[in-house]
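**Q** Provided below: run18.cif, containing mmCIF, C-alpha atoms.
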```cif
data_input
loop_
_atom_site.label_atom_id
_atom_site.label_comp_id
_atom_site.auth_asym_id
_atom_site.auth_seq_id
_atom_site.Cartn_x
_atom_site.Cartn_y
_atom_site.Cartn_z
CA MET A 1 -6.24 8.43 -38.95
CA GLY A 2 -7.54 9.47 -35.58
CA GLY A 3 -9.30 12.66 -34.66
CA PRO A 4 -7.80 16.10 -34.91
CA SER A 5 -4.87 15.77 -32.55
CA VAL A 6 -2.63 18.67 -31.70
CA LYS A 7 0.86 17.94 -32.97
CA LYS A 8 2.70 19.96 -30.42
CA PRO A 9 6.29 18.94 -29.74
CA ILE A 10 6.25 16.95 -26.52
CA LEU A 11 8.50 18.34 -23.81
CA THR A 12 9.21 16.16 -20.83
CA ALA A 13 11.16 17.24 -17.78
CA ARG A 14 14.08 15.06 -18.82
CA ARG A 15 14.42 16.68 -22.26
CA ALA A 16 14.25 20.09 -20.64
CA GLY A 17 17.19 19.14 -18.40
CA LEU A 18 14.97 19.04 -15.34
CA ILE A 19 14.15 16.40 -12.74
CA ALA A 20 10.87 16.30 -10.84
CA CYS A 21 11.41 15.22 -7.23
CA SER A 22 9.65 11.88 -6.77
CA VAL A 23 8.41 12.87 -3.31
CA CYS A 24 7.45 16.55 -3.27
CA HIS A 25 7.28 17.04 -7.08
CA LEU A 26 9.52 20.13 -7.03
CA LEU A 27 11.17 20.70 -10.38
CA CYS A 28 14.96 20.81 -10.04
CA GLN A 29 17.76 21.51 -12.52
CA ALA A 30 19.50 18.28 -13.46
CA GLY A 31 23.26 18.46 -13.04
CA PRO A 32 25.67 17.93 -15.98
CA PRO A 33 25.55 14.36 -17.39
CA GLU A 34 28.83 13.34 -15.74
CA ALA A 35 27.47 14.43 -12.37
CA THR A 36 24.25 12.41 -12.60
CA SER A 37 26.00 9.28 -11.38
CA ARG A 38 26.51 11.10 -8.11
CA ALA A 39 23.25 11.26 -6.23
CA SER A 40 21.87 14.78 -6.03
CA LYS A 41 19.27 15.73 -3.45
CA CYS A 42 16.06 17.69 -3.73
CA PRO A 43 16.68 21.11 -2.19
CA ARG A 44 13.20 21.19 -0.65
CA CYS A 45 12.56 17.77 0.90
CA GLY A 46 16.01 16.14 0.72
CA ALA A 47 14.94 13.09 -1.30
CA THR A 48 17.46 11.67 -3.79
CA LEU A 49 16.69 12.90 -7.31
CA HIS A 50 16.33 10.46 -10.17
CA SER A 51 15.14 11.35 -13.65
CA ARG A 52 13.96 7.72 -13.85
CA LYS A 53 13.94 5.15 -11.05
CA PRO A 54 17.42 3.55 -11.00
CA ASP A 55 17.75 0.15 -12.77
CA SER A 56 13.99 -0.04 -12.83
CA ILE A 57 13.71 -2.84 -15.40
CA ALA A 58 16.40 -5.10 -13.92
CA ARG A 59 15.16 -4.66 -10.34
CA THR A 60 11.52 -5.23 -11.23
CA TRP A 61 12.38 -8.37 -13.24
CA ALA A 62 14.45 -9.76 -10.36
CA LEU A 63 11.61 -9.20 -7.90
CA VAL A 64 8.98 -10.63 -10.27
CA ILE A 65 11.04 -13.80 -10.73
CA ALA A 66 11.63 -14.11 -6.98
CA ALA A 67 7.90 -13.76 -6.33
CA CYS A 68 7.14 -16.45 -8.96
CA ILE A 69 9.45 -18.83 -7.11
CA PHE A 70 7.81 -18.15 -3.72
CA TYR A 71 4.36 -18.49 -5.29
CA ILE A 72 4.82 -22.26 -5.70
CA PRO A 73 5.45 -23.29 -2.05
CA ALA A 74 2.84 -20.73 -1.00
CA ASN A 75 0.20 -22.71 -2.89
CA VAL A 76 1.47 -26.25 -2.37
CA LEU A 77 2.35 -26.24 1.36
CA PRO A 78 -0.27 -26.03 4.13
CA MET A 79 -1.41 -22.57 5.21
CA THR A 80 -3.03 -23.74 8.48
CA THR A 81 -3.01 -26.94 10.50
CA VAL A 82 -6.02 -27.65 12.71
CA THR A 83 -5.57 -30.06 15.61
CA SER A 84 -8.87 -31.04 17.19
CA LEU A 85 -9.12 -33.91 19.73
CA GLY A 86 -6.08 -35.64 18.27
CA MET A 87 -7.22 -35.22 14.66
CA VAL A 88 -4.87 -33.22 12.45
CA GLN A 89 -6.04 -31.49 9.27
CA SER A 90 -3.90 -29.29 7.00
CA ASP A 91 -5.33 -26.76 4.58
CA THR A 92 -3.69 -25.08 1.60
CA ILE A 93 -4.94 -21.79 0.19
CA MET A 94 -6.96 -23.59 -2.49
CA SER A 95 -8.47 -26.18 -0.13
CA GLY A 96 -9.60 -23.29 2.07
CA VAL A 97 -11.41 -21.79 -0.92
CA ILE A 98 -12.97 -25.16 -1.77
CA TYR A 99 -14.13 -25.51 1.85
CA PHE A 100 -16.03 -22.21 1.61
CA VAL A 101 -17.59 -23.21 -1.74
CA GLN A 102 -18.77 -26.53 -0.31
CA SER A 103 -20.19 -24.95 2.84
CA GLY A 104 -22.14 -22.51 0.66
CA SER A 105 -20.26 -19.32 1.56
CA TRP A 106 -19.83 -18.24 -2.04
CA PRO A 107 -19.01 -14.56 -1.41
CA ILE A 108 -16.26 -15.42 1.09
CA ALA A 109 -14.86 -18.09 -1.24
CA LEU A 110 -14.73 -15.50 -4.01
CA VAL A 111 -13.04 -12.88 -1.79
CA ILE A 112 -10.31 -15.32 -0.72
CA PHE A 113 -9.85 -16.65 -4.25
CA ILE A 114 -9.44 -13.13 -5.65
CA ALA A 115 -7.15 -11.87 -2.88
CA SER A 116 -4.95 -14.95 -2.49
CA ILE A 117 -4.77 -16.63 -5.88
CA PHE A 118 -6.06 -14.34 -8.62
CA VAL A 119 -4.51 -10.99 -7.64
CA PRO A 120 -0.92 -12.21 -7.01
CA LEU A 121 -0.91 -14.20 -10.25
CA VAL A 122 -2.44 -11.45 -12.40
CA LYS A 123 -0.09 -8.93 -10.82
CA LEU A 124 2.93 -10.99 -11.86
CA PHE A 125 1.57 -11.31 -15.42
CA ILE A 126 0.82 -7.58 -15.67
CA LEU A 127 4.27 -6.58 -14.39
CA GLY A 128 5.84 -9.05 -16.85
CA PHE A 129 3.74 -7.61 -19.70
CA LEU A 130 4.65 -4.01 -18.77
CA LEU A 131 8.36 -4.88 -18.54
CA ILE A 132 8.35 -6.66 -21.92
CA SER A 133 6.37 -3.85 -23.58
CA VAL A 134 8.86 -1.30 -22.25
CA GLN A 135 11.85 -3.38 -23.34
CA PHE A 136 10.43 -3.66 -26.87
CA ARG A 137 9.76 0.12 -26.89
CA SER A 138 6.10 -0.56 -27.60
CA HIS A 139 3.84 2.34 -28.53
CA TYR A 140 0.74 0.35 -27.64
CA ARG A 141 -1.86 2.43 -25.72
CA PRO A 142 0.49 4.11 -23.23
CA LYS A 143 -2.37 5.74 -21.32
CA ASP A 144 -4.05 2.39 -20.66
CA ARG A 145 -0.74 0.78 -19.70
CA THR A 146 -0.14 3.60 -17.20
CA ARG A 147 -3.59 3.01 -15.75
CA LEU A 148 -2.96 -0.75 -15.62
CA TYR A 149 0.22 -0.06 -13.65
CA LEU A 150 -1.53 2.26 -11.19
CA ILE A 151 -4.29 -0.31 -10.54
CA THR A 152 -1.72 -3.08 -10.07
CA GLU A 153 0.19 -0.98 -7.58
CA ALA A 154 -2.97 -0.10 -5.65
CA VAL A 155 -4.63 -3.53 -5.29
CA GLY A 156 -1.55 -5.64 -4.47
CA ARG A 157 -1.68 -4.99 -0.73
CA TRP A 158 -5.12 -6.64 -0.41
CA SER A 159 -3.46 -10.02 -0.88
CA MET A 160 -2.31 -9.76 2.74
CA LEU A 161 -5.88 -10.76 3.63
CA ASP A 162 -5.10 -14.45 4.06
CA ILE A 163 -2.18 -13.71 6.37
CA PHE A 164 -4.48 -11.69 8.63
CA VAL A 165 -7.10 -14.45 8.58
CA VAL A 166 -4.45 -16.90 9.75
CA THR A 167 -3.39 -14.46 12.50
CA ILE A 168 -6.96 -14.14 13.78
CA LEU A 169 -7.68 -17.90 13.60
CA VAL A 170 -4.47 -18.69 15.45
CA ALA A 171 -5.46 -16.26 18.22
CA LEU A 172 -9.07 -17.41 18.56
CA VAL A 173 -8.78 -21.17 18.24
CA ASN A 174 -6.30 -21.89 20.99
CA LEU A 175 -8.12 -24.24 23.37
CA GLY A 176 -5.36 -26.69 24.22
CA ALA A 177 -6.27 -30.34 23.48
CA LEU A 178 -9.79 -29.42 22.39
CA ALA A 179 -8.78 -27.44 19.30
CA THR A 180 -5.78 -25.43 18.13
CA ILE A 181 -4.91 -23.84 14.81
CA GLN A 182 -1.28 -23.44 13.81
CA ALA A 183 0.12 -21.34 10.98
CA GLY A 184 1.71 -23.52 8.29
CA PRO A 185 4.90 -22.95 6.25
CA ALA A 186 2.88 -21.62 3.29
CA ALA A 187 1.94 -18.54 5.32
CA LEU A 188 5.54 -17.32 5.35
CA HIS A 189 6.04 -18.01 1.63
CA PHE A 190 2.76 -16.33 0.78
CA ALA A 191 3.64 -13.26 2.86
CA ALA A 192 6.94 -13.14 0.92
CA VAL A 193 5.02 -13.19 -2.40
CA VAL A 194 2.85 -10.27 -1.30
CA VAL A 195 5.71 -8.14 0.04
CA ILE A 196 8.00 -8.86 -2.95
CA THR A 197 5.29 -8.07 -5.54
CA MET A 198 4.51 -4.82 -3.70
CA VAL A 199 8.17 -3.81 -3.84
CA ALA A 200 8.32 -4.91 -7.49
CA ALA A 201 5.41 -2.63 -8.38
CA MET A 202 7.11 0.24 -6.53
CA SER A 203 10.39 -0.27 -8.38
CA PHE A 204 8.76 -0.12 -11.83
CA ASP A 205 8.85 3.35 -13.39
CA PRO A 206 5.73 4.15 -15.46
CA ARG A 207 7.59 6.99 -17.20
CA LEU A 208 9.47 4.31 -19.15
CA ILE A 209 6.17 3.56 -20.93
CA TRP A 210 6.14 7.11 -22.29
CA ASP A 211 9.85 7.30 -23.14
CA ALA A 212 9.33 5.07 -26.20
CA LYS A 213 6.79 7.55 -27.57
CA GLU A 214 9.18 10.41 -27.00
CA LYS A 215 12.00 8.72 -28.94
CA ARG A 216 9.76 8.45 -32.02
CA HIS A 217 9.25 12.20 -32.09
CA GLU A 218 12.96 12.92 -32.21
CA MET B 1 10.68 30.74 -18.04
CA SER B 2 10.47 30.40 -14.27
CA LEU B 3 10.19 26.92 -12.75
CA ALA B 4 7.66 28.06 -10.18
CA HIS B 5 4.58 27.48 -12.34
CA LEU B 6 5.88 24.39 -14.09
CA MET B 7 5.36 20.83 -13.00
CA ALA B 8 6.39 17.45 -14.43
CA CYS B 9 3.86 14.61 -14.29
CA HIS B 10 5.27 11.92 -11.97
CA ASP B 11 3.72 9.17 -14.11
CA CYS B 12 4.76 10.26 -17.63
CA ASP B 13 7.28 13.11 -17.04
CA LEU B 14 5.42 15.57 -19.29
CA LEU B 15 6.35 19.13 -18.44
CA GLN B 16 3.36 21.46 -18.13
CA ARG B 17 2.32 24.84 -16.84
CA ILE B 18 0.00 24.64 -13.85
CA PRO B 19 -2.55 27.45 -13.50
CA SER B 20 -3.63 28.38 -9.98
CA VAL B 21 -6.13 25.71 -8.95
CA PRO B 22 -9.28 27.02 -7.23
CA GLU B 23 -10.38 25.46 -3.94
CA GLY B 24 -12.09 22.10 -4.45
CA ALA B 25 -10.74 21.69 -8.01
CA ALA B 26 -7.94 19.50 -9.40
CA ALA B 27 -5.40 19.76 -12.22
CA LEU B 28 -4.90 16.65 -14.38
CA CYS B 29 -1.95 15.73 -16.61
CA ARG B 30 -2.64 16.74 -20.23
CA ARG B 31 -1.13 13.54 -21.58
CA CYS B 32 -1.92 10.64 -19.20
CA GLY B 33 -4.68 12.07 -17.01
CA THR B 34 -2.99 11.55 -13.61
CA VAL B 35 -4.08 14.01 -10.89
CA LEU B 36 -1.26 16.54 -10.49
CA ILE B 37 -2.64 18.95 -7.90
CA GLN B 38 -5.79 18.86 -5.85
CA ASN B 39 -6.68 21.97 -3.90
CA LYS B 40 -8.55 20.71 -0.85
CA PRO B 41 -10.60 23.01 1.39
CA LYS B 42 -9.46 23.51 5.03
CA SER B 43 -6.46 21.28 4.34
CA PHE B 44 -4.93 21.61 7.82
CA GLN B 45 -7.83 21.86 10.28
CA ARG B 46 -9.80 18.90 8.93
CA PRO B 47 -7.02 16.30 8.94
CA LEU B 48 -5.85 17.50 12.36
CA ALA B 49 -9.26 16.96 13.95
CA LEU B 50 -9.47 13.51 12.35
CA LEU B 51 -5.93 12.58 13.45
CA PHE B 52 -6.69 13.39 17.10
CA ALA B 53 -9.79 11.19 16.88
CA GLY B 54 -7.61 8.49 15.29
CA ALA B 55 -5.11 8.65 18.17
CA ILE B 56 -7.89 8.00 20.72
CA LEU B 57 -9.26 5.10 18.66
CA PHE B 58 -5.76 3.64 18.26
CA VAL B 59 -5.36 3.44 22.05
CA MET B 60 -8.87 1.99 22.37
CA PHE B 61 -8.49 -0.87 19.91
CA ASN B 62 -5.25 -1.89 21.57
CA ALA B 63 -6.55 -1.69 25.15
CA PHE B 64 -9.99 -3.29 24.89
CA PRO B 65 -10.93 -6.93 24.18
CA PHE B 66 -11.13 -7.78 20.49
CA LEU B 67 -12.92 -11.08 19.81
CA THR B 68 -14.17 -13.68 22.30
CA PHE B 69 -14.49 -17.34 21.39
CA LYS B 70 -17.41 -19.04 23.17
CA LYS B 71 -18.29 -22.74 23.02
CA GLU B 72 -20.13 -24.91 25.52
CA GLY B 73 -19.33 -22.80 28.55
CA LEU B 74 -15.75 -22.35 27.36
CA GLU B 75 -14.67 -18.75 26.87
CA HIS B 76 -11.44 -17.51 25.30
CA GLN B 77 -10.94 -13.77 25.06
CA THR B 78 -8.40 -12.25 22.66
CA HIS B 79 -6.89 -8.84 22.05
CA VAL B 80 -5.58 -7.45 18.77
CA ILE B 81 -2.03 -8.38 19.85
CA THR B 82 -2.93 -12.02 20.76
CA GLY B 83 -2.57 -13.37 17.22
CA ILE B 84 0.82 -11.72 16.78
CA ARG B 85 2.07 -13.23 20.07
CA GLN B 86 0.67 -16.62 19.13
CA LEU B 87 2.44 -16.59 15.74
CA ALA B 88 5.71 -15.75 17.46
CA ASP B 89 5.15 -18.60 19.97
CA GLN B 90 4.66 -21.04 17.08
CA GLY B 91 8.11 -20.16 15.70
CA MET B 92 6.83 -17.77 13.01
CA GLU B 93 8.66 -14.71 14.28
CA ALA B 94 9.10 -13.18 10.81
CA LEU B 95 5.38 -13.47 10.09
CA ALA B 96 4.51 -12.07 13.54
CA ALA B 97 6.82 -9.11 12.86
CA LEU B 98 5.23 -8.47 9.46
CA VAL B 99 1.72 -8.47 10.91
CA ALA B 100 2.83 -6.23 13.78
CA ILE B 101 4.38 -3.78 11.31
CA ASN B 102 1.30 -3.63 9.08
CA LEU B 103 -1.24 -3.53 11.86
CA LEU B 104 0.32 -1.64 14.78
CA ILE B 105 3.73 -0.09 14.08
CA VAL B 106 3.03 1.59 10.73
CA PRO B 107 -0.41 2.94 11.73
CA GLY B 108 1.05 4.23 15.02
CA LEU B 109 4.03 5.86 13.29
CA HIS B 110 1.72 7.28 10.65
CA LEU B 111 -0.39 8.97 13.34
CA LEU B 112 2.58 10.40 15.25
CA ALA B 113 4.38 11.56 12.12
CA SER B 114 1.27 13.20 10.67
CA LEU B 115 0.67 15.11 13.90
CA TYR B 116 4.34 16.08 14.10
CA VAL B 117 4.08 17.72 10.67
CA LEU B 118 0.55 19.08 10.66
CA VAL B 119 0.48 20.73 14.09
CA PRO B 120 3.44 23.06 13.36
CA VAL B 121 2.35 23.61 9.74
CA SER B 122 -1.11 24.73 10.83
CA LEU B 123 0.48 27.12 13.38
CA ASN B 124 2.84 28.40 10.65
CA ARG B 125 5.88 27.20 12.63
CA LYS B 126 8.78 24.96 11.73
CA VAL B 127 10.14 22.13 13.87
CA PRO B 128 13.39 20.27 13.13
CA GLY B 129 13.15 17.57 10.48
CA MET B 130 9.45 18.02 9.83
CA PHE B 131 9.83 17.92 6.05
CA ARG B 132 11.99 14.83 6.25
CA VAL B 133 9.29 13.22 8.40
CA PHE B 134 6.66 14.21 5.84
CA ARG B 135 8.80 12.63 3.13
CA TYR B 136 8.97 9.28 4.95
CA LEU B 137 5.25 9.44 5.67
CA ARG B 138 4.52 8.85 1.98
CA LEU B 139 6.64 5.70 2.03
CA LEU B 140 4.62 4.30 4.95
CA GLN B 141 1.25 4.57 3.22
CA PRO B 142 1.16 1.23 1.30
CA TRP B 143 2.18 -0.74 4.43
CA HIS B 144 -0.73 0.55 6.47
CA MET B 145 -3.12 -2.42 6.33
CA VAL B 146 -5.73 -2.01 9.06
CA GLU B 147 -8.61 -2.12 6.58
CA ILE B 148 -7.36 -5.40 5.12
CA PHE B 149 -7.14 -6.83 8.64
CA MET B 150 -10.79 -5.88 9.15
CA LEU B 151 -11.78 -7.85 6.06
CA GLY B 152 -9.78 -10.70 7.61
CA VAL B 153 -11.94 -10.45 10.74
CA LEU B 154 -15.04 -10.83 8.59
CA VAL B 155 -13.66 -13.90 6.80
CA SER B 156 -12.61 -15.49 10.11
CA LEU B 157 -16.06 -14.92 11.60
CA VAL B 158 -17.68 -16.74 8.69
CA LYS B 159 -15.11 -19.53 8.92
CA LEU B 160 -15.70 -20.10 12.64
CA ALA B 161 -19.47 -19.47 12.67
CA LYS B 162 -20.29 -23.19 12.57
CA MET B 163 -17.70 -24.12 15.16
CA ALA B 164 -18.43 -21.64 17.93
CA GLN B 165 -19.97 -18.35 18.92
CA ILE B 166 -17.69 -15.34 18.36
CA ILE B 167 -18.47 -12.19 20.31
CA PRO B 168 -17.03 -8.90 19.02
CA GLY B 169 -15.58 -6.61 21.69
CA VAL B 170 -15.05 -2.85 21.95
CA ALA B 171 -11.79 -3.16 19.95
CA VAL B 172 -13.70 -4.35 16.86
CA TYR B 173 -15.83 -1.19 16.82
CA SER B 174 -12.85 1.08 17.59
CA LEU B 175 -10.85 -0.56 14.81
CA THR B 176 -13.69 -0.01 12.33
CA ALA B 177 -13.98 3.65 13.32
CA PHE B 178 -10.16 4.00 13.13
CA ILE B 179 -10.19 2.84 9.49
CA PHE B 180 -12.73 5.44 8.42
CA VAL B 181 -11.15 8.25 10.44
CA MET B 182 -7.65 7.56 9.08
CA ALA B 183 -8.90 7.24 5.50
CA ALA B 184 -10.70 10.57 5.87
CA ALA B 185 -7.57 12.17 7.37
CA SER B 186 -5.36 10.95 4.50
CA ALA B 187 -7.90 12.20 1.96
CA ALA B 188 -8.13 15.60 3.64
CA ILE B 189 -4.37 16.30 3.72
CA ASP B 190 -3.11 18.37 0.80
CA PRO B 191 0.56 17.41 0.40
CA HIS B 192 1.17 20.10 -2.17
CA GLU B 193 0.17 22.78 0.31
CA VAL B 194 2.43 21.31 3.00
CA TRP B 195 5.40 21.41 0.62
CA GLU B 196 4.61 24.98 -0.34
CA ARG B 197 4.77 25.99 3.34
CA TRP B 198 8.43 24.98 3.25
CA GLU B 199 9.16 27.98 1.08
CA ALA B 200 6.85 30.36 2.94
CA PRO B 201 8.61 32.64 5.43
CA ARG B 202 8.01 31.95 9.08
#
```
Give the structure from this file in structure tokens form.
**A**
Amino acid sequence: MGGPSVKKPILTARRAGLIACSVCHLLCQAGPPEATSRASKCPRCGATLHSRKPDSIARTWALVIAACIFYIPANVLPMTTVTSLGMVQSDTIMSGVIYFVQSGSWPIALVIFIASIFVPLVKLFILGFLLISVQFRSHYRPKDRTRLYLITEAVGRWSMLDIFVVTILVALVNLGALATIQAGPAALHFAAVVVITMVAAMSFDPRLIWDAKEKRHE
Amino acid sequence: MSLAHLMACHDCDLLQRIPSVPEGAAALCRRCGTVLIQNKPKSFQRPLALLFAGAILFVMFNAFPFLTFKKEGLEHQTHVITGIRQLADQGMEALAALVAINLLIVPGLHLLASLYVLVPVSLNRKVPGMFRVFRYLRLLQPWHMVEIFMLGVLVSLVKLAKMAQIIPGVAVYSLTAFIFVMAAASAAIDPHEVWERWEAPR
């Protein structure tokens, strides 16, 4: 048994027949159940009201799977192609990291590895874990799972780093026959992974984590 | 029970009564600990001053030279927009558009929209559509990636250090200042207070 916890009945907005606006957080009266299929609007800011994000689980799964598919060409195909005095050299994300390790730039190698390989992969695993835990109505540490979700949502955008590096390299190394850098096909696939995982994180509703707990109290 | 003092946590949906939050303090969700309300001091004047500074810096980092590539008497000067143009020239229009959105369009829109809302709010006036604009502003936030671009500059400098000399221009310093100014402006805005002005009489 844990510490002395207060066993107050838990009242969420949904059980009270209320909806909190997702944008301005105004509490609004939910319409009758048959009317909820029609979209109602927040009287203050005009945003569409949803008690929970619509089709959150299905949408997030679809986006996670799509991102997994794009993740493969993003890592296999070349990210940049350097042409220097007739010599052509292609680099993937991983060979770029290895280049930095070999040239002794450990911190930069680590930054790129984390932003381009580690974060997208871990993000997909975490979203998968959250989705499965919600689908199985898990009661496992809801507070930590909420925090995990918030961190995942916040760090995902940093994966765009490699795309910006390519943009800067392409601009700077453009010296005709002497040396040019071209963006490779992986850049587009990688950008797709980043954008899709960002949208996936946005479409997941963390309130679903807490709904399982609420059902137990009924 | 009036709805005015009640609030539902946007992360766990728990309904709770919110006491009046003193200036500088915050109210956290009883169940999951998410910040519900933060009462920030001088929540209109501070972000406004920072946003005007941001607007000047935005023009500066677009107008002035960004990075210059120097090798054996060869000099190649670039602007912030050069990489985007170059990507489009290489047939990567979608990628060029994405970078332009994250680096120029969203930050620019963010500035204009913030000013459009905060100037009238601070003067206690209403202009058409200002609350709708404020609503869309929140959606822009995650796509604003200037600080990530700056980290990209750092990585590129290390990558090219052995190949050539790279000289940072005025745009690099303006971009750095822009990041800090915009972060400070976002942190200083109190969205809750803006929404409450909607109900306040003119």
**Q** Hey, could you make a per-residue contact list for chain A against chain B with 6 Å as the cut-off, showing the nearest pair of atoms and its distance in Å to one decimal, counting only C-alpha atoms, sorted by chain and number, as a tab-separated table?
**A**
```
residue	atom	partner	partner_atom	distance
A:Leu11	CA	B:Leu15	CA	5.8
A:Thr12	CA	B:Leu14	CA	4.1
A:Ala13	CA	B:Leu15	CA	5.2
A:Ala20	CA	B:Ala8	CA	5.9
A:Cys45	CA	B:Phe131	CA	5.8
A:Lys143	CA	B:Cys32	CA	5.4
A:Leu161	CA	B:Gly152	CA	5.6
A:Phe164	CA	B:Gly152	CA	5.5
A:Val165	CA	B:Gly152	CA	4.7
A:Thr167	CA	B:Gly83	CA	4.9
A:Ile168	CA	B:Gly83	CA	5.6
A:Val170	CA	B:Gly83	CA	5.9
A:Ala171	CA	B:Gly83	CA	4.2
A:Pro206	CA	B:Asp11	CA	5.6
A:Arg207	CA	B:Cys12	CA	4.3
A:Trp210	CA	B:Cys12	CA	5.8
```
**Q** Quick one: distance from CA of Pro73 (chain A) to CA of Met160 (chain A) in Å, one decimal?
**A**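 Atom-to-atom, CA of Pro73 (chain A) to CA of Met160 (chain A), that is 16.3 Å.
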**Q** Find the residues near His139 (chain A): any atom within 9 Å, counting all atoms listed in the file, skip ones fewer than 2 places away on the same chain, and give them as a VMD selection string.
**A** chain A and resid 133 to 134 137 141 to 142 209 to 210 212 to 213
**Q** Kindly save the residues from that selection, with C-alpha atoms included, as a PDB file, keeping the file's coordinate frame.
**A**
```
ATOM      1  CA  SER A 133       6.370  -3.850 -23.580  1.00  0.00           C
ATOM      2  CA  VAL A 134       8.860  -1.300 -22.250  1.00  0.00           C
ATOM      3  CA  ARG A 137       9.760   0.120 -26.890  1.00  0.00           C
ATOM      4  CA  ARG A 141      -1.860   2.430 -25.720  1.00  0.00           C
ATOM      5  CA  PRO A 142       0.490   4.110 -23.230  1.00  0.00           C
ATOM      6  CA  ILE A 209       6.170   3.560 -20.930  1.00  0.00           C
ATOM      7  CA  TRP A 210       6.140   7.110 -22.290  1.00  0.00           C
ATOM      8  CA  ALA A 212       9.330   5.070 -26.200  1.00  0.00           C
ATOM      9  CA  LYS A 213       6.790   7.550 -27.570  1.00  0.00           C
TER      10      LYS A 213
END
```
**Q** Expand the PyMOL selection byres ((chain A and resi 61) around 10) into the explicit residue set it covers here, and present it as a list in words.
**A**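 When the PyMOL selection byres ((chain A and resi 61) around 10) is applied, the selected residues are Ser56, Ile57, Ala58, Arg59, Thr60, Ala62, Leu63, Val64, Ile65, Ala66, Ala67, Leu124, Leu127, Gly128, Leu131, Ile132, Ala200, Ser203 and Phe204 of chain A.
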**Q** When the PyMOL selection byres ((chain A and resi 87) around 12) is applied to the structure above, which residues does it catch, written out as an NGL selection string?
**A** :A and (81-86 or 88-90 or 177-181)
**Q** Convert the current residue selection to file output with C-alpha atoms, as a PDB file, in the coordinates of the input.
**A**
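The result, stored in result.pdb:
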```
ATOM      1  CA  THR A  81      -3.010 -26.940  10.500  1.00  0.00           C
ATOM      2  CA  VAL A  82      -6.020 -27.650  12.710  1.00  0.00           C
ATOM      3  CA  THR A  83      -5.570 -30.060  15.610  1.00  0.00           C
ATOM      4  CA  SER A  84      -8.870 -31.040  17.190  1.00  0.00           C
ATOM      5  CA  LEU A  85      -9.120 -33.910  19.730  1.00  0.00           C
ATOM      6  CA  GLY A  86      -6.080 -35.640  18.270  1.00  0.00           C
ATOM      7  CA  VAL A  88      -4.870 -33.220  12.450  1.00  0.00           C
ATOM      8  CA  GLN A  89      -6.040 -31.490   9.270  1.00  0.00           C
ATOM      9  CA  SER A  90      -3.900 -29.290   7.000  1.00  0.00           C
ATOM     10  CA  ALA A 177      -6.270 -30.340  23.480  1.00  0.00           C
ATOM     11  CA  LEU A 178      -9.790 -29.420  22.390  1.00  0.00           C
ATOM     12  CA  ALA A 179      -8.780 -27.440  19.300  1.00  0.00           C
ATOM     13  CA  THR A 180      -5.780 -25.430  18.130  1.00  0.00           C
ATOM     14  CA  ILE A 181      -4.910 -23.840  14.810  1.00  0.00           C
TER      15      ILE A 181
END
```
**Q** Given the point (-2.4, 3.0, 18.4) in the coordinates of this file, which residues lie within 6 Å, counting all atoms listed in the file, and how would they look as JSON, numbers by chain?
**A** {"B": [58, 59, 108]}
